[in-house]
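Data first, discussion second: the structure below is written as C-alpha cells.
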Number of protein chains: 2
Amino acid sequence: MTHTNKFVHSLFEFANGLADSARVLILNHLKKNKAKITVKPDQSLVSDLDYKVELHYREQISQRFPNHGIVGEEFQDRNPTSDWKWIIDPIDGTQELVNRSPFFGTIIALHYCGRPIVGIIDHPILNLRCSGAFQLGTYINNNRFRLKNTAPTNKAVVIPARADFRKHAEEDALFASITAQYDNHRIFRNCYGHTSTIMGSTSLTIEHDVRLWDIAASRVLVEEAGGKYAVLRCLELAQDNKVYSIAFGLPSVVDQVVKLLKPLYTKSKIV
Amino acid sequence: MTHTNKFVHSLFEFANGLADSARVLILNHLKKNKAKITVKPDQSLVSDLDYKVELHYREQISQRFPNHGIVGEEFQDRNPTSDWKWIIDPIDGTQELVNRSPFFGTIIALHYCGRPIVGIIDHPILNLRCSGAFQLGTYINNNRFRLKNTAPTNKAVVIPARADFRKHAEEDALFASITAQYDNHRIFRNCYGHTSTIMGSTSLTIEHDVRLWDIAASRVLVEEAGGKYAVLRCLELAQDNKVYSIAFGLPSVVDQVVKLLKPLYTKSKIV
C-alpha cells in the first residue's frame, strides 16, 4: 500500500465507522419514535431524525478533523474554504422514511478540492451498504465489487420523476425524451436508485437538478466499480445554490445517454 | 367466528404455509445457485426458480385440494371449470431477481367464482409479507393492518413504466396523462409497488395491461385494509388471454384517478 493509499484507507475506515454509528442511531430512533415531520419551504420533508443524524456526523467529523469543511443538507457550511469537504445527506428519501418504505439511505462523501475521495450510501433497513474510496475500490456490504460491462439487456434504467423536471423550470420535454428512449425504467426518487446502478442491478441512473449532497458519494462509488459518471448540466440558482443533472452506470450506456441528452440539455430553456 | 370465517381462516392458514415454504425454497435456491434465465417469446424473463416455485405450489395445492383449479404464469391451467381457483405468480419481478434487486415477490391468491378470498404477496429478501383474507383483514408480517384514509399529502403514487403502454398498443398518451397528473410517482414494475400501496407507503397503484396473476392477490389485500380497488379496463387478447388495467389504494385517491382515467381508457384506441 502506498503512502497515499494508506491515508485514503484511514479516511475510508473513519467514514465506514460514521455510517456504522449512524445506522445504529437511525434503527434505534425508528424503533422508539414516530419521526416528527416538518415541510420545508421548498415543499420537501425533513424529520427530527434528519437533524439528529446530521448533528452526529458534524460532531464526529469536527472532533477528528477540526479543519475539514462540512456541507450538509440541514445546517450551514462549516470551514467553507477548506480543501477537504465532507458532504452529507443525513436522510436521503425522507418521504420514504416517514411512509415506512425501506429505501431511504444516509449518504457520506469526502471530496478533496472537488474530487471525490470517499463515498458511502448506507440503507439501514435493507442492511445494504455501498462504500468506496479513490483507488481502493467499491464494496457492497464490505465485499469488493466490480461491474461487469456486459450487454445491459434486461437491465432497467433509473430515471427522475416528472416532478423533478418541474422544480426549477418547465422541462417536461426532457422527461418525455428520456422515457421514450429508455422505456423500461424504474423511479425511486432517492439514493436507492444510485445503489441499484452501482451494484449493477440497473444499467444507468439519471438525476435531474439535484443538490450536491444527493450525488456526492456516487461518483467515486460507480467509478471505482468500473462504471462511468457524466455531468449533463450544472445550473447556478440564486444564493450560490447549484443543481446538477448527471448520468452514471455502465460505460457504454452512459456514453449513449450523454449523446442523447447533452444536446437536449443545451437546448432546454432554463430559468 | 362464523362457520364461513372458520373455513376462510383454514384456507388463509394453508396459503400462509405455502408462502412460508416458498420463501425457504427461494432463499435456499438463491444462496446456492445463480438463477438460470430464459427469455420468453414475449421478451419477458423466466428463471429456473420460477418453474421450481410454481411446481411446488401446484403440488401442495393439488394434494390438499384435488378439485380446485390452478392458474399459474408458467404452466397450463388445471381444473379450469372449478369454482375455486388458485392463481399464482411464482416469481413476480424476475428481472429484479436476476439483477439482485430485493423487490421481487411471490404471489398467491385464491378466488371463489371470481371473487378474491385469500391473497398473499411475499418478499423473501425484504422479509416482508402482505397477507389477507375475506372478512379476516389484512396483515403486514402477521400484524393486522388498516390504512388510515388521511390526506395523502407527500405520499407518492406507483405507476406503470412507459414500456407497459407499448405492450399491446401504442398508448403513450395515457402515460403522459398519468405522469402529468401524478408527477410525484414511483415506478417499480413488480409487486413491491402493490405492497407499498397496501401498507400505505404510497397512496395509489396504477397497473396497465397486466395479467391476472399479477393482480390476483391485491384486491382482497387492499380492500381488507380499508382501501378501494377499481378496474379501469379489461382487454381480451388472442387465445382467451385477458389483460387488466386497474387502480387501487386510498379510497379518495382511487375515486379521483377513476374519474381522470376512465374516460381516457374509453377513448384510447386499442388493438
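Starting from 1 in every chain, residues are counted up; chains themselves are A, B, ... following the order of the C-alpha cells, and ligands are numbered from 1 as listed.
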
Using only C-alpha atoms and a cut-off of 8 Å, which residues of chain B sit close to chain A? Please list them as a short mmCIF file (atom, residue, chain, number, x, y, z; two decimals) with all heavy atoms, in the first residue's frame.
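Resulting contents of selection_23.cif:
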data_model
loop_
_atom_site.label_atom_id
_atom_site.label_comp_id
_atom_site.auth_asym_id
_atom_site.auth_seq_id
_atom_site.Cartn_x
_atom_site.Cartn_y
_atom_site.Cartn_z
N GLN B 95 -37.01 -9.96 -13.49
CA GLN B 95 -35.95 -9.04 -13.90
C GLN B 95 -35.19 -8.50 -12.69
O GLN B 95 -33.97 -8.32 -12.75
CB GLN B 95 -36.54 -7.88 -14.70
CG GLN B 95 -35.49 -7.04 -15.39
CD GLN B 95 -36.10 -5.96 -16.29
OE1 GLN B 95 -35.80 -4.79 -16.15
NE2 GLN B 95 -36.95 -6.35 -17.20
N GLU B 96 -35.91 -8.25 -11.59
CA GLU B 96 -35.23 -7.79 -10.38
C GLU B 96 -34.43 -8.94 -9.78
O GLU B 96 -33.29 -8.76 -9.36
CB GLU B 96 -36.21 -7.26 -9.33
CG GLU B 96 -37.46 -6.56 -9.85
CD GLU B 96 -37.20 -5.34 -10.69
OE1 GLU B 96 -36.35 -4.49 -10.33
OE2 GLU B 96 -37.84 -5.22 -11.74
N ASN B 99 -31.22 -9.61 -11.43
CA ASN B 99 -30.29 -8.50 -11.26
C ASN B 99 -30.04 -8.17 -9.79
O ASN B 99 -29.59 -7.08 -9.46
CB ASN B 99 -30.81 -7.26 -12.01
CG ASN B 99 -30.68 -7.42 -13.51
OD1 ASN B 99 -29.61 -7.74 -14.01
ND2 ASN B 99 -31.77 -7.22 -14.23
N ARG B 100 -30.32 -9.09 -8.93
CA ARG B 100 -30.06 -8.98 -7.49
C ARG B 100 -30.69 -7.71 -6.87
O ARG B 100 -30.06 -7.04 -6.07
CB ARG B 100 -28.54 -9.02 -7.22
CG ARG B 100 -27.89 -10.34 -7.68
CD ARG B 100 -26.38 -10.30 -7.53
NE ARG B 100 -25.86 -9.08 -8.06
CZ ARG B 100 -25.22 -8.16 -7.38
NH1 ARG B 100 -24.96 -8.35 -6.11
NH2 ARG B 100 -24.79 -7.06 -7.97
N SER B 101 -31.93 -7.49 -7.22
CA SER B 101 -32.69 -6.41 -6.62
C SER B 101 -33.73 -7.08 -5.71
O SER B 101 -34.34 -8.07 -6.10
CB SER B 101 -33.33 -5.61 -7.75
OG SER B 101 -33.95 -4.46 -7.24
N LEU B 126 -36.75 -9.12 1.46
CA LEU B 126 -37.11 -7.98 2.32
C LEU B 126 -37.75 -8.45 3.64
O LEU B 126 -38.00 -7.63 4.51
CB LEU B 126 -38.08 -7.04 1.60
CG LEU B 126 -37.56 -6.34 0.35
CD1 LEU B 126 -38.69 -5.55 -0.32
CD2 LEU B 126 -36.40 -5.40 0.68
N ASN B 154 -47.84 14.19 0.34
CA ASN B 154 -46.49 13.65 0.44
C ASN B 154 -46.41 12.13 0.37
O ASN B 154 -45.42 11.54 0.76
CB ASN B 154 -45.78 14.14 1.71
CG ASN B 154 -45.45 15.60 1.59
OD1 ASN B 154 -44.89 16.02 0.59
ND2 ASN B 154 -45.82 16.39 2.58
N LYS B 155 -47.49 11.53 -0.10
CA LYS B 155 -47.37 10.13 -0.48
C LYS B 155 -47.29 10.08 -2.00
O LYS B 155 -48.06 10.74 -2.70
CB LYS B 155 -48.58 9.32 -0.03
CG LYS B 155 -48.55 8.94 1.45
CD LYS B 155 -49.59 7.85 1.71
CE LYS B 155 -50.03 7.84 3.15
NZ LYS B 155 -49.13 7.19 4.08
N ALA B 161 -44.48 1.69 -16.08
CA ALA B 161 -43.46 2.33 -16.91
C ALA B 161 -44.02 2.60 -18.30
O ALA B 161 -45.04 2.03 -18.69
CB ALA B 161 -42.24 1.42 -17.03
N ARG B 162 -43.35 3.48 -19.01
CA ARG B 162 -43.82 3.80 -20.37
C ARG B 162 -43.88 2.55 -21.25
O ARG B 162 -44.76 2.42 -22.09
CB ARG B 162 -42.87 4.85 -20.99
CG ARG B 162 -43.39 5.39 -22.30
CD ARG B 162 -42.87 6.78 -22.56
NE ARG B 162 -43.34 7.29 -23.84
CZ ARG B 162 -43.11 8.51 -24.28
NH1 ARG B 162 -42.41 9.35 -23.54
NH2 ARG B 162 -43.57 8.92 -25.45
N ALA B 163 -42.95 1.63 -21.02
CA ALA B 163 -42.93 0.39 -21.81
C ALA B 163 -44.25 -0.38 -21.68
O ALA B 163 -44.68 -1.05 -22.62
CB ALA B 163 -41.77 -0.51 -21.37
N THR B 179 -48.60 10.73 -15.82
CA THR B 179 -47.42 11.36 -15.23
C THR B 179 -47.62 12.87 -15.04
O THR B 179 -47.03 13.47 -14.14
CB THR B 179 -46.15 11.12 -16.08
OG1 THR B 179 -46.39 11.54 -17.43
CG2 THR B 179 -45.77 9.65 -16.06
N ALA B 180 -48.46 13.48 -15.90
CA ALA B 180 -48.73 14.91 -15.73
C ALA B 180 -49.57 15.14 -14.48
O ALA B 180 -49.33 16.08 -13.71
CB ALA B 180 -49.45 15.47 -16.95
N ASP B 183 -47.33 13.67 -10.69
CA ASP B 183 -45.92 13.80 -11.09
C ASP B 183 -44.94 13.34 -10.00
O ASP B 183 -43.76 13.17 -10.27
CB ASP B 183 -45.59 15.20 -11.65
CG ASP B 183 -45.72 16.30 -10.61
OD1 ASP B 183 -46.02 16.00 -9.44
OD2 ASP B 183 -45.51 17.47 -10.99
N ASN B 184 -45.44 13.10 -8.80
CA ASN B 184 -44.59 12.51 -7.77
C ASN B 184 -44.85 11.00 -7.74
O ASN B 184 -45.57 10.48 -6.90
CB ASN B 184 -44.87 13.13 -6.40
CG ASN B 184 -44.06 12.48 -5.29
OD1 ASN B 184 -43.02 11.86 -5.55
ND2 ASN B 184 -44.54 12.58 -4.06
N HIS B 185 -44.24 10.29 -8.69
CA HIS B 185 -44.53 8.86 -8.84
C HIS B 185 -43.31 8.01 -8.55
O HIS B 185 -42.17 8.49 -8.54
CB HIS B 185 -45.06 8.58 -10.24
CG HIS B 185 -44.38 9.37 -11.31
ND1 HIS B 185 -45.02 10.32 -12.07
CD2 HIS B 185 -43.09 9.41 -11.71
CE1 HIS B 185 -44.16 10.88 -12.90
NE2 HIS B 185 -42.99 10.35 -12.70
N ARG B 186 -43.59 6.75 -8.32
CA ARG B 186 -42.55 5.74 -8.23
C ARG B 186 -42.87 4.68 -9.28
O ARG B 186 -44.05 4.40 -9.54
CB ARG B 186 -42.52 5.05 -6.86
CG ARG B 186 -42.34 6.00 -5.67
CD ARG B 186 -40.94 6.61 -5.62
NE ARG B 186 -40.78 7.47 -4.47
CZ ARG B 186 -41.10 8.77 -4.43
NH1 ARG B 186 -41.59 9.36 -5.51
NH2 ARG B 186 -40.92 9.47 -3.33
N ILE B 187 -41.83 4.10 -9.88
CA ILE B 187 -42.05 3.00 -10.82
C ILE B 187 -41.21 1.81 -10.38
O ILE B 187 -39.98 1.92 -10.30
CB ILE B 187 -41.70 3.43 -12.28
CG1 ILE B 187 -42.64 4.57 -12.72
CG2 ILE B 187 -41.81 2.23 -13.22
CD1 ILE B 187 -42.41 5.04 -14.15
N PHE B 188 -41.88 0.71 -10.06
CA PHE B 188 -41.16 -0.50 -9.64
C PHE B 188 -41.27 -1.61 -10.69
O PHE B 188 -40.39 -2.43 -10.81
CB PHE B 188 -41.73 -1.01 -8.31
CG PHE B 188 -41.58 -0.05 -7.17
CD1 PHE B 188 -42.68 0.64 -6.67
CD2 PHE B 188 -40.34 0.18 -6.60
CE1 PHE B 188 -42.54 1.52 -5.59
CE2 PHE B 188 -40.20 1.06 -5.53
CZ PHE B 188 -41.30 1.73 -5.03
N ARG B 189 -42.37 -1.68 -11.40
CA ARG B 189 -42.68 -2.75 -12.37
C ARG B 189 -42.68 -4.14 -11.74
O ARG B 189 -42.24 -5.12 -12.36
CB ARG B 189 -41.71 -2.71 -13.56
CG ARG B 189 -41.82 -1.45 -14.40
CD ARG B 189 -41.19 -1.64 -15.77
NE ARG B 189 -42.15 -2.20 -16.73
CZ ARG B 189 -41.82 -2.65 -17.92
NH1 ARG B 189 -40.57 -2.64 -18.32
NH2 ARG B 189 -42.74 -3.15 -18.74
N SER B 196 -46.38 -1.65 -1.38
CA SER B 196 -46.19 -0.31 -0.82
C SER B 196 -47.52 0.42 -0.68
O SER B 196 -47.74 1.16 0.28
CB SER B 196 -45.19 0.50 -1.67
OG SER B 196 -45.81 1.03 -2.81
N GLY B 200 -49.71 1.36 2.79
CA GLY B 200 -49.85 2.79 2.98
C GLY B 200 -48.59 3.61 2.76
O GLY B 200 -48.58 4.80 3.06
N SER B 201 -47.53 3.02 2.22
CA SER B 201 -46.33 3.80 1.93
C SER B 201 -46.55 4.71 0.73
O SER B 201 -45.91 5.75 0.59
CB SER B 201 -45.14 2.88 1.65
OG SER B 201 -44.83 2.10 2.78
N THR B 202 -47.43 4.29 -0.16
CA THR B 202 -47.82 5.10 -1.31
C THR B 202 -49.35 5.15 -1.31
O THR B 202 -49.99 4.28 -0.71
CB THR B 202 -47.30 4.49 -2.63
OG1 THR B 202 -47.62 3.09 -2.66
CG2 THR B 202 -45.79 4.64 -2.74
#

* Please give the complete set of residues from segment 3-108 of chain B that DSSP, run on the backbone, assigns to helix (DSSP H, G or I), formatted as an MDAnalysis selection string. => chainID B and resid 3:32 48:64 94:98

* Spatial neighbours of segment 107-124 of chain A, 9 Å, only C-alpha atoms, chain gap at least 6 places, as number ranges by chain -> A: 8, 11-12, 15-16, 18-20, 22-24, 26-27, 57, 82-92, 130-135, 138, 191-192, 194-195, 213-221

* To do: Assign secondary structure with DSSP using the backbone only, and return the residues of segment 90-169 of chain B in strand (DSSP E or B) as number ranges by chain.
  => B: 90-92, 105-112, 115-123, 128-133, 137-140, 143-145, 157-158

Using only C-alpha atoms, please write the residues we just selected to a file, as a CSV table (one decimal), in the first residue's frame.
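Result file is part_28.csv:
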chain,number,residue,atom,x,y,z
B,90,PRO,CA,-44.2,-17.9,-8.5
B,91,ILE,CA,-41.7,-15.0,-9.1
B,92,ASP,CA,-43.2,-11.6,-9.9
B,105,GLY,CA,-42.1,-11.3,-4.7
B,106,THR,CA,-44.2,-14.5,-4.9
B,107,ILE,CA,-47.9,-14.1,-5.2
B,108,ILE,CA,-50.6,-16.5,-4.1
B,109,ALA,CA,-54.4,-15.8,-4.5
B,110,LEU,CA,-57.5,-17.9,-4.1
B,111,HIS,CA,-60.6,-16.8,-5.9
B,112,TYR,CA,-64.1,-18.3,-5.5
B,115,ARG,CA,-64.2,-13.2,-6.0
B,116,PRO,CA,-60.8,-12.9,-4.2
B,117,ILE,CA,-60.9,-14.8,-0.9
B,118,VAL,CA,-57.3,-15.0,0.1
B,119,GLY,CA,-54.2,-13.0,-1.1
B,120,ILE,CA,-50.6,-13.1,-0.3
B,121,ILE,CA,-47.6,-11.1,-1.6
B,122,ASP,CA,-44.4,-12.3,0.0
B,123,HIS,CA,-40.9,-10.6,-0.5
B,128,LEU,CA,-41.9,-8.6,4.2
B,129,ARG,CA,-45.4,-10.2,3.7
B,130,CYS,CA,-48.8,-8.8,3.0
B,131,SER,CA,-51.5,-11.4,3.6
B,132,GLY,CA,-55.2,-11.0,3.8
B,133,ALA,CA,-58.5,-12.9,3.6
B,137,GLY,CA,-58.4,-8.4,7.5
B,138,THR,CA,-55.0,-7.6,6.0
B,139,TYR,CA,-51.7,-8.4,7.8
B,140,ILE,CA,-48.2,-7.0,7.4
B,143,ASN,CA,-49.8,-7.9,12.3
B,144,ARG,CA,-53.3,-6.7,11.5
B,145,PHE,CA,-53.0,-3.5,9.4
B,157,VAL,CA,-48.2,7.1,-6.4
B,158,VAL,CA,-47.0,3.9,-8.1
